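So the structure is just underneath, and the comments pick up after that.
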Amino acid sequence: MSSQSFVSPRVCIVKVISVILSVWFSFSVWAAEGKPNIVVFLVDDLGSGELECYASKFHETPNIDALAASGMRFTLAYSGATLCSPSRAALLTGLSPARLHLTDWIPGQKQINRKTLTPDWQTHMDHERITLPEAMKEQGYATGFFGKWHLIPRPRPLDLGDDKKLAEIAAMHDEHMPEKHGFDENYGGDQSANQGRSFFYPNYHKFPGLEGKGSEKECLTDVLTDCAIDFLERKKEEPFFLYFSYYTVHGPITGKPEYVEKYRQKLADNPDAGYYMNNPNKAAMIQSLDESVGRVMAKLKDIGQLDNTLVIFTGDNGSQGDEFVVNYRGNKGTAYEGGTRVPLIVTGPRIPNGVSEVPTIGMDLYPTILSYIDAPLKPEEHMDGVNVLPLFTGTGSIDDRPLYWHYPHYDETTPYSSAIVDGWKVVRYADDGKTEVYNLKDDPMEKNDLSTKNPEKTESLINSLDGYLADVGAQLALPDPNHDPSPDVFSGGIRDFKIWNESSKDK
Ligand SMILES: [Ca+2]
């Protein structure tokens with residue numbers, strides 16, 4: 001037996017006592033300081049490969065890396081969906097997009113002559129549900145929302161031409177703003193999917209709460225940060241829940257000119273560095289993001305709440321675009337790991353420094369935050385999330401569980417459902433009926449489809465997937481009996497149709 005694996009009973013007892021003392025001390029701090037504050041940084045389209053503390057050598061993220069250096073960094077954190085709206089709804093409700101029937105970005109892309117029909121999906125969260133911010137308000141928290149919401153009902157392609165339906169949807173707009181789902185204050189949140197044509201002054205004046213704010217040098221991230229800092233100053237005497245839902249780093253990718261130049265120079269100075277995801281504009285946006293995180297952390301210290309605040313940093317889906325991600329296959333919108341792998345870093349009281357390799361998913365945050373603040377869980381609400389506080393605090397693990405995704409739509413991919421069960425991944429496409437199976441432990445880049453080589457494993461994964469879809473009442477993409485398979489008839493999304501139509505005219 002090696003000396004390293006031997007732990008004496010005395011050492012064990014010391015460890016147990018220290019854990020008891022630390023837990024007792026933590027709860028006594030809760031009592032003395034009041035309830036811990038919660039800050040969530042949710043970044044748009046930020047795959048984990050884009051941060052220095054995960055993998056990037058090109059982007060510079062010292063403030064975010066400092067969170068990781070003081071806290072717990074998760075290497076297998078997943079988002080609940082590969083696109084904005086369903087992933088955000090999953091975070092706020094603890095329910096999977098499949099169960100919510102909110103499975104695409106709002107409003108989704110119009111499809112023409114596809115093999116399957118898009119189901120009658122939902123573009124808002126039901127008010128009957130108690131969201132995470134509503135649960136925080138029940139606990140006496142001041143709740144502030146900053147940034148992108150993207151959960152306002154908008155007409156789906158299915159609705160076009162139905163005047164009654166369009167009028168109903170228009171009437172619902174105001175009822176689904178962030179203030180109607182649990183946030184006391186809202187700066188920036190509405191139906192917008194992105195920052196619009198420009199990230200800079202005065203474009204952001206169109207957003208709620210940002211009218212007249214900022215100056216010509218400031219980008220949207222800076223102005224939202226000003227609002228968040230002002231909220232912290234005003235709420236420093238009461239427990240607060242600050243939900244910073246950045247518009248960055250979604251496209252259009254436009255950084256501050258001086259930062260863009262810095263990263264252009266970095267590329268020019270290091271031609272042999274082999275930087276991946278090396279867009280200077282993206283790097284500049286990420287530098288502004290990092291500065292924002294640093295400013296919020298400095299403000300927490302300034303108001304004396306740094307040691308009484310749990311900080312959670314994560315993303316809503318994988319990286320955008322066709323950039324090569326070194327660690328995984330695919331990116332935002334796809335069924336592969338690059339679509340769903342996001343950063344997750346937590347730091348604050350009771351959180352040790354470490355790295356966790358246990359998988360988590362977006363729906364977990366709701367029950368975990370409630371558990372952290374010592375509030376009763378709401379199992380009838382966050383049904384698809386698991387309390388992963390033992391992973392945050394490094395005091396234990398959680399039961400193995402399968403993870404599922406469901407996307408009965410077309411956009412970056414064709415309709416699919418997928419699952420990860422004990423390190424095995426299955427992806428089943430509804431359009432062509434193709435099934436793919438990967439052993440993620442041996443094949444993290446999802447290169448070797450084992451579906452035909454290992455039919456028993458494939459069958460068991462499919463059974464798990466079908467059981468889940470039935471259990472949550474998922475809406476399926478079913479064959480369209482009117483689909484015309486002729487190659488002369490266009491089949492695809494409206495964006496591609498416009499290109500196809502133009503090229504047809506040229507012939
Ligand atoms: Ca997104």
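Note on naming: chains are A, B, ... as they come in the structure tokens, residues start from 1 per chain, ligands start from 1 in the order shown.
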Report task. Could you pull out the residues sitting within 7 Å of ligand 1, using only C-alpha atoms and all ligand atoms, and write them as a ChimeraX atom specification? Result -> /A:44-45,83-84,250,316-317
I need the residues from that last selection saved to file as a CSV table (one decimal), in the first residue's frame (with C-alpha atoms), if you can.
chain,number,residue,atom,x,y,z
A,44,ASP,CA,-24.7,34.4,-24.3
A,45,ASP,CA,-23.1,31.9,-26.6
A,83,LEU,CA,-30.1,27.8,-28.2
A,84,CYS,CA,-31.0,30.9,-26.2
A,250,HIS,CA,-23.8,36.8,-29.3
A,316,ASP,CA,-26.5,29.6,-22.1
A,317,ASN,CA,-25.2,27.4,-24.9
Report task. Find the residues around Thr413 in chain A up to 10 Å (only C-alpha atoms counted), leave out those fewer than 4 positions away in its own chain, and share them as a list of chain:residue names. Result ->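 Selected residues are A:Lys332, A:Gly333, A:Thr334, A:Ala335, A:Tyr407, A:Pro408, A:His409, A:Tyr429.
Each of A:Leu67, A:Ile286, A:Val355, A:Ile112 was compared to Asp496 in chain A using only C-alpha atoms, and A:Ile112 turns out to be the nearest.
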Requested in this report: May I have the residues within 12 Å of range 173-179 of chain A as a ChimeraX atom specification, using only C-alpha atoms and disregarding those fewer than 4 positions away in the same chain?
Outcome: /A:88-89,92,123-127,131-134,137,143-155,166-169,183-192,208-209,243,245
If you keep C-alpha atoms, can you produce a file of those selected residues as a CSV table (one decimal), in the first residue's frame?
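And here's selection-v7.csv as it stands now:
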chain,number,residue,atom,x,y,z
A,88,ARG,CA,-32.9,30.5,-20.4
A,89,ALA,CA,-36.3,29.1,-19.6
A,92,LEU,CA,-35.4,30.1,-14.6
A,123,THR,CA,-42.9,31.0,-26.8
A,124,HIS,CA,-43.3,32.0,-23.2
A,125,MET,CA,-43.1,30.6,-19.7
A,126,ASP,CA,-46.5,29.9,-18.0
A,127,HIS,CA,-47.4,32.1,-15.1
A,131,THR,CA,-39.7,30.8,-11.4
A,132,LEU,CA,-36.4,31.0,-9.6
A,133,PRO,CA,-36.6,34.8,-9.1
A,134,GLU,CA,-40.1,34.4,-7.8
A,137,LYS,CA,-38.6,37.0,-3.7
A,143,THR,CA,-34.2,40.7,-7.5
A,144,GLY,CA,-32.6,42.5,-10.4
A,145,PHE,CA,-32.4,41.5,-14.1
A,146,PHE,CA,-29.7,43.0,-16.4
A,147,GLY,CA,-29.4,42.2,-20.0
A,148,LYS,CA,-31.0,39.7,-22.5
A,149,TRP,CA,-34.3,38.1,-21.7
A,150,HIS,CA,-35.6,36.7,-25.0
A,151,LEU,CA,-38.7,35.0,-23.4
A,152,ILE,CA,-41.4,37.3,-24.8
A,153,PRO,CA,-44.1,35.7,-27.0
A,154,ARG,CA,-43.6,36.5,-30.7
A,155,PRO,CA,-45.4,35.1,-33.7
A,166,LEU,CA,-51.3,37.2,-34.0
A,167,ALA,CA,-53.5,39.5,-32.0
A,168,GLU,CA,-53.4,37.2,-29.0
A,169,ILE,CA,-49.6,37.0,-29.1
A,183,PHE,CA,-37.7,40.4,-11.1
A,184,ASP,CA,-38.2,43.7,-9.2
A,185,GLU,CA,-36.1,45.6,-11.7
A,186,ASN,CA,-35.2,45.1,-15.4
A,187,TYR,CA,-32.5,46.8,-17.4
A,188,GLY,CA,-32.2,45.7,-21.0
A,189,GLY,CA,-34.6,42.7,-21.0
A,190,ASP,CA,-37.3,42.4,-23.7
A,191,GLN,CA,-38.0,40.3,-26.8
A,192,SER,CA,-34.6,41.0,-28.4
A,208,PRO,CA,-35.9,49.0,-21.2
A,209,GLY,CA,-34.2,51.0,-18.5
A,243,TYR,CA,-29.1,38.0,-12.6
A,245,SER,CA,-27.7,38.0,-18.4
Query - All helix (DSSP H, G or I) residues (DSSP, backbone) inside range 195-427 of chain A, as a count of residues only - result: 78
Looking only at the backbone, which of the residues in range 121-269 of chain A does DSSP tag as strand (DSSP E), as a PDB file with N, CA and C atoms, in the first residue's frame?
ATOM      1  N   ALA A 142     -34.191  40.954  -2.863  1.00  0.00           N
ATOM      2  CA  ALA A 142     -34.368  41.946  -3.922  1.00  0.00           C
ATOM      3  C   ALA A 142     -33.836  41.312  -5.199  1.00  0.00           C
ATOM      4  N   THR A 143     -34.620  41.380  -6.280  1.00  0.00           N
ATOM      5  CA  THR A 143     -34.241  40.681  -7.509  1.00  0.00           C
ATOM      6  C   THR A 143     -34.037  41.668  -8.651  1.00  0.00           C
ATOM      7  N   GLY A 144     -32.898  41.591  -9.298  1.00  0.00           N
ATOM      8  CA  GLY A 144     -32.599  42.508 -10.399  1.00  0.00           C
ATOM      9  C   GLY A 144     -32.169  41.759 -11.645  1.00  0.00           C
ATOM     10  N   PHE A 145     -32.726  42.165 -12.785  1.00  0.00           N
ATOM     11  CA  PHE A 145     -32.399  41.535 -14.062  1.00  0.00           C
ATOM     12  C   PHE A 145     -31.649  42.528 -14.945  1.00  0.00           C
ATOM     13  N   PHE A 146     -30.556  42.086 -15.534  1.00  0.00           N
ATOM     14  CA  PHE A 146     -29.715  42.954 -16.363  1.00  0.00           C
ATOM     15  C   PHE A 146     -29.342  42.212 -17.641  1.00  0.00           C
ATOM     16  N   GLY A 147     -29.810  42.728 -18.787  1.00  0.00           N
ATOM     17  CA  GLY A 147     -29.363  42.151 -20.047  1.00  0.00           C
ATOM     18  C   GLY A 147     -30.451  41.532 -20.880  1.00  0.00           C
ATOM     19  N   GLU A 185     -36.645  44.593 -10.836  1.00  0.00           N
ATOM     20  CA  GLU A 185     -36.105  45.611 -11.738  1.00  0.00           C
ATOM     21  C   GLU A 185     -35.584  44.941 -13.004  1.00  0.00           C
ATOM     22  N   ASN A 186     -35.666  45.668 -14.105  1.00  0.00           N
ATOM     23  CA  ASN A 186     -35.234  45.131 -15.392  1.00  0.00           C
ATOM     24  C   ASN A 186     -34.489  46.197 -16.171  1.00  0.00           C
ATOM     25  N   TYR A 187     -33.264  45.898 -16.526  1.00  0.00           N
ATOM     26  CA  TYR A 187     -32.474  46.788 -17.377  1.00  0.00           C
ATOM     27  C   TYR A 187     -32.030  46.000 -18.605  1.00  0.00           C
ATOM     28  N   PHE A 240     -29.790  40.137  -1.883  1.00  0.00           N
ATOM     29  CA  PHE A 240     -30.125  40.416  -3.287  1.00  0.00           C
ATOM     30  C   PHE A 240     -29.793  39.233  -4.182  1.00  0.00           C
ATOM     31  N   PHE A 241     -30.541  39.176  -5.276  1.00  0.00           N
ATOM     32  CA  PHE A 241     -30.346  38.186  -6.326  1.00  0.00           C
ATOM     33  C   PHE A 241     -30.137  38.968  -7.616  1.00  0.00           C
ATOM     34  N   LEU A 242     -28.890  39.031  -8.045  1.00  0.00           N
ATOM     35  CA  LEU A 242     -28.525  39.800  -9.236  1.00  0.00           C
ATOM     36  C   LEU A 242     -28.319  38.817 -10.382  1.00  0.00           C
ATOM     37  N   TYR A 243     -29.128  38.946 -11.416  1.00  0.00           N
ATOM     38  CA  TYR A 243     -29.090  38.020 -12.558  1.00  0.00           C
ATOM     39  C   TYR A 243     -28.589  38.811 -13.762  1.00  0.00           C
ATOM     40  N   PHE A 244     -27.312  38.655 -14.056  1.00  0.00           N
ATOM     41  CA  PHE A 244     -26.665  39.432 -15.123  1.00  0.00           C
ATOM     42  C   PHE A 244     -26.591  38.558 -16.368  1.00  0.00           C
ATOM     43  N   SER A 245     -27.523  38.814 -17.267  1.00  0.00           N
ATOM     44  CA  SER A 245     -27.729  37.955 -18.432  1.00  0.00           C
ATOM     45  C   SER A 245     -27.210  38.689 -19.674  1.00  0.00           C
TER      46      SER A 245
END
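For the pair CA of Ile38 in chain A and CA of Gln139 in chain A, the interatomic distance is 12.2 Å.
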